[in-house]
Amino acid sequence: MRKKNRIKKNEDFQLVFQKGRSMANRQFVIYIMERPELSEFRIGLSVSKKIGNAVTRNRIKRLIRQVVLEEKDQLSSGKDYIIIARKPTSQMNYYEVKKSLLHVFKKAKIYNRN
């Protein structure tokens with residue numbers, strides 16, 4: 001992901017947590033906050049140490065980034081998204097992660113209308 005599409009600062013994360021809305025399924029929680037001044041969307045990832053060791057957490061983040069990369073044209077711009085992985089994701093393969101993330105995206109209604 002490009003630098004302008006990432007959320008890295010703690011203040012940005014906290015702002016989205018406090019002012020954004022959330023949607024969840026068993027594997028993921030997604031927080032969404034409107035940012036009309038942005039021309040593109042930004043993504044922040046959070047994978048807790050409870051999920052596993054560093055190798056497992058980094059693997060999960062790679063899988064989530066890949067799904068977002070494939071779906072970036074469908075996601076609404078001008079928003080900040082924070083995706084939080086839950087415990088079951090440590091046992092999932094790429095296709096299961098993609099199916100679960102697409103489910104939560106549709107549930108949160110963040111796809112562009114074509």
# chains A, B, ... in the order shown; residues from 1 in each chain; ligands from 1

call {"tool": "residues_around", "arguments": {"residues": "stretch 102-113 of chain A", "least_positions_apart": "5", "cutoff": "12 Å", "atoms": "only C-alpha atoms", "output": "number ranges by chain"}}
result
A: 20-34, 41, 64, 67-68, 70-85, 95-97

call {"tool": "residues_around", "arguments": {"residues": "A:Lys87", "least_positions_apart": "2", "cutoff": "10 Å", "atoms": "only C-alpha atoms", "output": "tab-separated table (two decimals) with N, CA and C atoms, in the first residue's frame"}}
result
chain	number	residue	atom	x	y	z
A	26	ARG	N	-17.34	-12.35	12.97
A	26	ARG	CA	-16.56	-13.12	13.96
A	26	ARG	C	-15.06	-12.94	13.81
A	27	GLN	N	-14.59	-12.65	12.60
A	27	GLN	CA	-13.15	-12.59	12.36
A	27	GLN	C	-12.59	-11.17	12.36
A	28	PHE	N	-13.38	-10.18	11.99
A	28	PHE	CA	-12.86	-8.82	11.82
A	28	PHE	C	-13.82	-7.78	12.39
A	47	VAL	N	-3.51	-5.90	14.69
A	47	VAL	CA	-3.51	-7.33	14.98
A	47	VAL	C	-2.84	-7.50	16.35
A	48	SER	N	-3.62	-7.90	17.32
A	48	SER	CA	-3.17	-7.97	18.70
A	48	SER	C	-2.18	-9.11	18.94
A	49	LYS	N	-1.38	-8.97	19.99
A	49	LYS	CA	-0.46	-10.04	20.38
A	49	LYS	C	-1.19	-11.28	20.86
A	50	LYS	N	-2.45	-11.12	21.24
A	50	LYS	CA	-3.26	-12.27	21.68
A	50	LYS	C	-3.47	-13.27	20.54
A	51	ILE	N	-3.36	-12.79	19.31
A	51	ILE	CA	-3.62	-13.64	18.15
A	51	ILE	C	-2.48	-14.63	17.89
A	52	GLY	N	-1.26	-14.23	18.19
A	52	GLY	CA	-0.15	-15.15	17.96
A	52	GLY	C	1.18	-14.42	17.99
A	85	ALA	N	-8.17	-7.46	13.42
A	85	ALA	CA	-8.31	-8.92	13.29
A	85	ALA	C	-8.62	-9.53	14.65
A	89	THR	N	-8.74	-15.48	13.00
A	89	THR	CA	-7.99	-15.23	11.77
A	89	THR	C	-6.65	-15.96	11.73
A	90	SER	N	-6.12	-16.30	12.88
A	90	SER	CA	-4.81	-16.98	12.91
A	90	SER	C	-4.86	-18.36	12.25
A	91	GLN	N	-6.04	-18.95	12.18
A	91	GLN	CA	-6.20	-20.29	11.59
A	91	GLN	C	-6.71	-20.24	10.15
A	92	MET	N	-6.89	-19.05	9.60
A	92	MET	CA	-7.52	-18.92	8.28
A	92	MET	C	-6.49	-18.82	7.16

call {"tool": "atom_distance", "arguments": {"atom1": "atom CA of A:Leu45", "atom2": "atom CA of A:Ile7"}}
result
8.0 Å

call {"tool": "select_by_dssp", "arguments": {"residues": "chain A", "states": "alpha helix (DSSP H)", "output": "MDAnalysis selection string"}}
result
chainID A and resid 10:19 54:71 94:108

call {"tool": "closest_residue", "arguments": {"among": "A:Arg35, A:Arg42, A:Lys99, A:Lys4", "to": "A:Leu63", "atoms": "only C-alpha atoms"}}
result
A:Lys99

call {"tool": "closest_residue", "arguments": {"among": "A:Phe17, A:Val55, A:Tyr94, A:Arg65", "to": "A:Arg2", "atoms": "only C-alpha atoms"}}
result
A:Arg65

call {"tool": "atom_distance", "arguments": {"atom1": "atom CA of A:Lys61", "atom2": "atom CA of A:Gly44"}}
result
10.1 Å

call {"tool": "select_by_dssp", "arguments": {"residues": "chain A", "states": "strand (DSSP E)", "output": "list of chain:residue names"}}
result
A:Arg21, A:Ser22, A:Met23, A:Ala24, A:Phe28, A:Val29, A:Ile30, A:Tyr31, A:Ile32, A:Met33, A:Glu34, A:Arg42, A:Ile43, A:Gly44, A:Leu45, A:Ser46, A:Val47, A:Lys79, A:Asp80, A:Tyr81, A:Ile82, A:Ile83, A:Ile84, A:Ala85

call {"tool": "atom_distance", "arguments": {"atom1": "atom CA of A:Val16", "atom2": "atom CA of A:Ile43"}}
result
10.8 Å
